[in-house]
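Below: my_file-v4.pdb (PDB, C-alpha atoms)
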```
ATOM      1  CA  MET A 871     -71.814  21.474 -98.543  1.00  0.00           C
ATOM      2  CA  ASN A 872     -71.675  25.225 -98.934  1.00  0.00           C
ATOM      3  CA  ARG A 873     -71.430  27.594 -96.004  1.00  0.00           C
ATOM      4  CA  LYS A 874     -75.004  28.843 -96.286  1.00  0.00           C
ATOM      5  CA  ILE A 875     -76.384  25.305 -95.982  1.00  0.00           C
ATOM      6  CA  PHE A 876     -73.995  24.516 -93.112  1.00  0.00           C
ATOM      7  CA  LEU A 877     -75.101  27.601 -91.171  1.00  0.00           C
ATOM      8  CA  SER A 878     -78.750  26.833 -91.924  1.00  0.00           C
ATOM      9  CA  LEU A 879     -78.311  23.339 -90.469  1.00  0.00           C
ATOM     10  CA  VAL A 880     -76.417  24.749 -87.476  1.00  0.00           C
ATOM     11  CA  SER A 881     -79.324  27.155 -86.940  1.00  0.00           C
ATOM     12  CA  ILE A 882     -81.922  24.399 -87.055  1.00  0.00           C
ATOM     13  CA  VAL A 883     -79.977  22.266 -84.570  1.00  0.00           C
ATOM     14  CA  ALA A 884     -79.327  25.156 -82.161  1.00  0.00           C
ATOM     15  CA  ILE A 885     -82.889  26.486 -82.256  1.00  0.00           C
ATOM     16  CA  SER A 886     -84.373  22.976 -81.878  1.00  0.00           C
ATOM     17  CA  ILE A 887     -82.188  21.954 -78.944  1.00  0.00           C
ATOM     18  CA  GLY A 888     -82.479  25.404 -77.389  1.00  0.00           C
ATOM     19  CA  THR A 889     -86.264  25.341 -77.588  1.00  0.00           C
ATOM     20  CA  PHE A 890     -86.354  21.849 -76.078  1.00  0.00           C
ATOM     21  CA  ALA A 891     -84.072  22.917 -73.208  1.00  0.00           C
ATOM     22  CA  LEU A 892     -86.129  26.059 -72.594  1.00  0.00           C
ATOM     23  CA  LEU A 893     -89.535  24.375 -72.632  1.00  0.00           C
ATOM     24  CA  PHE A 894     -88.734  20.933 -71.232  1.00  0.00           C
ATOM     25  CA  PRO A 895     -85.689  21.240 -68.950  1.00  0.00           C
ATOM     26  CA  SER A 896     -86.708  18.346 -66.678  1.00  0.00           C
ATOM     27  CA  ILE A 897     -87.021  15.956 -69.611  1.00  0.00           C
ATOM     28  CA  LEU A 898     -83.606  17.065 -70.845  1.00  0.00           C
ATOM     29  CA  ILE A 899     -82.004  16.527 -67.461  1.00  0.00           C
ATOM     30  CA  ILE A 900     -83.738  13.289 -66.445  1.00  0.00           C
ATOM     31  CA  ASP A 901     -84.386  11.440 -69.717  1.00  0.00           C
ATOM     32  CA  VAL A 902     -81.636  12.748 -72.002  1.00  0.00           C
ATOM     33  CA  LYS A 903     -78.763  13.499 -69.639  1.00  0.00           C
ATOM     34  CA  MET A 904     -79.724  10.773 -67.140  1.00  0.00           C
ATOM     35  CA  ALA A 905     -78.860  13.185 -64.341  1.00  0.00           C
ATOM     36  CA  ILE A 906     -80.404  13.941 -60.986  1.00  0.00           C
ATOM     37  CA  PRO A 907     -83.099  16.622 -61.401  1.00  0.00           C
ATOM     38  CA  SER A 908     -83.203  19.876 -59.461  1.00  0.00           C
ATOM     39  CA  GLU A 909     -84.724  23.304 -59.848  1.00  0.00           C
ATOM     40  CA  THR A 910     -81.214  24.744 -60.236  1.00  0.00           C
ATOM     41  CA  ALA A 911     -80.522  22.348 -63.098  1.00  0.00           C
ATOM     42  CA  ASN A 912     -83.833  23.362 -64.709  1.00  0.00           C
ATOM     43  CA  VAL A 913     -82.901  27.053 -64.515  1.00  0.00           C
ATOM     44  CA  MET A 914     -79.488  26.383 -66.029  1.00  0.00           C
ATOM     45  CA  ALA A 915     -81.025  24.250 -68.811  1.00  0.00           C
ATOM     46  CA  ARG A 916     -83.432  27.081 -69.640  1.00  0.00           C
ATOM     47  CA  THR A 917     -80.552  29.581 -69.639  1.00  0.00           C
ATOM     48  CA  VAL A 918     -78.569  27.412 -72.043  1.00  0.00           C
ATOM     49  CA  GLY A 919     -81.718  27.013 -74.131  1.00  0.00           C
ATOM     50  CA  VAL A 920     -82.075  30.765 -74.568  1.00  0.00           C
ATOM     51  CA  LEU A 921     -78.382  31.079 -75.470  1.00  0.00           C
ATOM     52  CA  LEU A 922     -78.658  28.298 -78.064  1.00  0.00           C
ATOM     53  CA  ILE A 923     -81.738  29.916 -79.586  1.00  0.00           C
ATOM     54  CA  ALA A 924     -79.860  33.227 -79.821  1.00  0.00           C
ATOM     55  CA  PHE A 925     -76.851  31.569 -81.505  1.00  0.00           C
ATOM     56  CA  GLY A 926     -79.204  29.725 -83.849  1.00  0.00           C
ATOM     57  CA  VAL A 927     -80.972  32.918 -84.872  1.00  0.00           C
ATOM     58  CA  LEU A 928     -77.641  34.715 -85.315  1.00  0.00           C
ATOM     59  CA  ASN A 929     -76.339  31.947 -87.581  1.00  0.00           C
ATOM     60  CA  TYR A 930     -79.552  31.985 -89.587  1.00  0.00           C
ATOM     61  CA  LEU A 931     -79.385  35.758 -90.043  1.00  0.00           C
ATOM     62  CA  ILE A 932     -75.747  35.769 -91.209  1.00  0.00           C
ATOM     63  CA  ARG A 933     -75.819  32.597 -93.325  1.00  0.00           C
ATOM     64  CA  GLY A 934     -75.884  34.435 -96.668  1.00  0.00           C
ATOM     65  CA  GLN A 935     -73.401  37.209 -95.860  1.00  0.00           C
ATOM     66  CA  ARG A 936     -70.166  37.789 -97.746  1.00  0.00           C
ATOM     67  CA  ASP A 937     -66.764  37.246 -96.186  1.00  0.00           C
ATOM     68  CA  SER A 938     -65.803  40.017 -93.769  1.00  0.00           C
ATOM     69  CA  GLN A 939     -63.984  40.511 -90.510  1.00  0.00           C
ATOM     70  CA  THR A 940     -67.339  40.613 -88.728  1.00  0.00           C
ATOM     71  CA  PHE A 941     -68.434  37.336 -90.303  1.00  0.00           C
ATOM     72  CA  ARG A 942     -65.071  35.812 -89.354  1.00  0.00           C
ATOM     73  CA  SER A 943     -65.585  36.969 -85.757  1.00  0.00           C
ATOM     74  CA  ILE A 944     -68.991  35.301 -85.608  1.00  0.00           C
ATOM     75  CA  LEU A 945     -67.561  32.034 -86.951  1.00  0.00           C
ATOM     76  CA  ILE A 946     -64.779  32.204 -84.351  1.00  0.00           C
ATOM     77  CA  ALA A 947     -67.372  32.733 -81.585  1.00  0.00           C
ATOM     78  CA  ASN A 948     -69.271  29.695 -82.876  1.00  0.00           C
ATOM     79  CA  LEU A 949     -66.069  27.640 -82.901  1.00  0.00           C
ATOM     80  CA  LEU A 950     -65.292  28.678 -79.328  1.00  0.00           C
ATOM     81  CA  LEU A 951     -68.823  27.733 -78.275  1.00  0.00           C
ATOM     82  CA  GLN A 952     -68.449  24.239 -79.751  1.00  0.00           C
ATOM     83  CA  LEU A 953     -64.980  23.671 -78.300  1.00  0.00           C
ATOM     84  CA  GLY A 954     -66.007  25.101 -74.929  1.00  0.00           C
ATOM     85  CA  LEU A 955     -68.961  22.721 -74.658  1.00  0.00           C
ATOM     86  CA  VAL A 956     -66.979  19.554 -75.437  1.00  0.00           C
ATOM     87  CA  PRO A 957     -65.250  19.081 -72.069  1.00  0.00           C
ATOM     88  CA  ILE A 958     -68.309  19.991 -69.966  1.00  0.00           C
ATOM     89  CA  ASP A 959     -70.357  16.863 -70.763  1.00  0.00           C
ATOM     90  CA  VAL A 960     -67.264  14.638 -70.750  1.00  0.00           C
ATOM     91  CA  PHE A 961     -66.301  15.916 -67.301  1.00  0.00           C
ATOM     92  CA  ALA A 962     -69.889  15.498 -66.090  1.00  0.00           C
ATOM     93  CA  TYR A 963     -69.846  11.850 -67.176  1.00  0.00           C
ATOM     94  CA  PHE A 964     -66.479  11.007 -65.656  1.00  0.00           C
ATOM     95  CA  SER A 965     -67.362  12.760 -62.388  1.00  0.00           C
ATOM     96  CA  GLY A 966     -70.623  10.807 -62.099  1.00  0.00           C
ATOM     97  CA  VAL A 967     -73.075  13.625 -62.837  1.00  0.00           C
ATOM     98  CA  PHE A 968     -74.184  12.009 -66.121  1.00  0.00           C
ATOM     99  CA  LEU A 969     -74.742   8.301 -65.715  1.00  0.00           C
ATOM    100  CA  THR A 970     -74.548   6.838 -69.245  1.00  0.00           C
ATOM    101  CA  LEU A 971     -72.411   7.206 -72.349  1.00  0.00           C
ATOM    102  CA  GLY A 972     -75.568   8.213 -74.193  1.00  0.00           C
ATOM    103  CA  SER A 973     -75.925  11.203 -71.899  1.00  0.00           C
ATOM    104  CA  PHE A 974     -72.827  12.853 -73.356  1.00  0.00           C
ATOM    105  CA  LEU A 975     -71.355  11.002 -76.337  1.00  0.00           C
ATOM    106  CA  PRO A 976     -73.858  12.124 -79.025  1.00  0.00           C
ATOM    107  CA  ASN A 977     -73.469  15.780 -77.987  1.00  0.00           C
ATOM    108  CA  THR A 978     -69.693  15.483 -77.872  1.00  0.00           C
ATOM    109  CA  ILE A 979     -69.620  14.068 -81.403  1.00  0.00           C
ATOM    110  CA  LEU A 980     -71.995  16.799 -82.602  1.00  0.00           C
ATOM    111  CA  HIS A 981     -69.845  19.551 -81.065  1.00  0.00           C
ATOM    112  CA  LEU A 982     -66.682  18.137 -82.644  1.00  0.00           C
ATOM    113  CA  VAL A 983     -68.318  17.832 -86.079  1.00  0.00           C
ATOM    114  CA  LEU A 984     -69.673  21.389 -85.876  1.00  0.00           C
ATOM    115  CA  ALA A 985     -66.298  22.673 -84.672  1.00  0.00           C
ATOM    116  CA  GLY A 986     -64.718  21.002 -87.703  1.00  0.00           C
ATOM    117  CA  GLY A 987     -67.219  22.766 -89.950  1.00  0.00           C
ATOM    118  CA  PHE A 988     -66.450  26.142 -88.407  1.00  0.00           C
ATOM    119  CA  VAL A 989     -62.701  25.533 -88.790  1.00  0.00           C
ATOM    120  CA  TYR A 990     -63.225  24.560 -92.434  1.00  0.00           C
ATOM    121  CA  TYR A 991     -65.256  27.663 -93.279  1.00  0.00           C
ATOM    122  CA  LEU A 992     -62.860  29.915 -91.371  1.00  0.00           C
ATOM    123  CA  LYS A 993     -59.994  28.566 -93.506  1.00  0.00           C
ATOM    124  CA  GLU A 994     -62.036  29.132 -96.666  1.00  0.00           C
ATOM    125  CA  MET A 995     -62.734  32.801 -95.891  1.00  0.00           C
ATOM    126  CA  LYS A 996     -61.191  35.577 -97.933  1.00  0.00           C
ATOM    127  CA  THR A 997     -60.827  38.581 -95.660  1.00  0.00           C
ATOM    128  CA  HIS A 998     -57.312  39.800 -96.428  1.00  0.00           C
ATOM    129  CA  GLY A 999     -57.187  43.570 -96.780  1.00  0.00           C
ATOM    130  CA  GLU A1000     -60.857  44.089 -95.987  1.00  0.00           C
ATOM    131  CA  THR A1001     -61.890  46.659 -93.451  1.00  0.00           C
ATOM    132  CA  GLU A1002     -65.200  47.554 -91.904  1.00  0.00           C
TER
END
```
Please rewrite the model in this file as structure tokens.
Amino acid sequence: MNRKIFLSLVSIVAISIGTFALLFPSILIIDVKMAIPSETANVMARTVGVLLIAFGVLNYLIRGQRDSQTFRSILIANLLLQLGLVPIDVFAYFSGVFLTLGSFLPNTILHLVLAGGFVYYLKEMKTHGETE
């Protein structure tokens, strides 16, 4: 898969999940995460939703760009996002906040796969000697 298709798919996933979290936080918390609902959790789900939408739009806008230090920086930020999210759901499950494996395992696998994609495309970049 080429980088443009990868980033397009990443955009679709981020915008879709972000929109769901923004518009339906209670469903996300109760039915998907199998967690105890609260208004605080709803606010945080909406906040994460907006951030995911922003990352999705960013990835969509840059998907066709040439290699550059700026592009590399954006891929690194995406990698850090994926790796930073992995332990949060795992910890929530093992501390009893999320009640089922299904409440965290699919997301954890998705984050690891996406992180692998970002690592792959970072290694494929040609930015030596370029300046902006």
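Closest approach to Asn948 (chain A) among A:Lys874, A:Lys993, A:His981, A:Lys903 is made by A:His981 (distances from all atoms listed in the file).
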Exercise for the section: Find the distance between CA of Ile900 (chain A) and CA of Thr917 (chain A) and write it in Å to one decimal. Expected result: 16.9 Å
Exercise for the section: Within 9 Å of Ala905 (chain A), counting all atoms listed in the file, which residues show up once you throw out same-chain ones fewer than 3 positions away? Write them as a PyMOL selection string, please. Expected result: chain A and resi 898-902+966-969+973
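Considering the residues A:Ile906, A:Ile897, A:Leu922, A:Leu928 and counting all atoms listed in the file, Leu945 (chain A) has its shortest atom-to-atom contact with A:Leu928.
Ranking A:Val918, A:Ile958, A:Leu984, A:Val989 by their shortest atom-to-atom distance to Phe876 (chain A), with all atoms listed in the file included, puts A:Leu984 first.
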Exercise for the section: Between CA of Leu955 (chain A) and CA of Ile979 (chain A), measure the distance and give it in Å to one decimal. Expected result: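 Taking CA of Leu955 (chain A) as the start and CA of Ile979 (chain A) as the end point, the length is 11.0 Å.
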Exercise for the section: Report the distance between CA of Gly926 (chain A) and CA of Asn912 (chain A) in Å, rounded to one decimal place. Expected result: 20.7 Å
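Considering the residues A:Val883, A:Ala891, A:Met995, A:Ala985 and counting all atoms listed in the file, Ala947 (chain A) has its shortest atom-to-atom contact with A:Ala985.
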Handout entry: Residue nearest Ile885 (chain A) - candidates A:Pro907, A:Gly919, A:Pro957, A:Gly987, atoms counted: only C-alpha atoms
Key =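 Among the listed residues, the smallest separation from Ile885 (chain A) belongs to A:Gly919.
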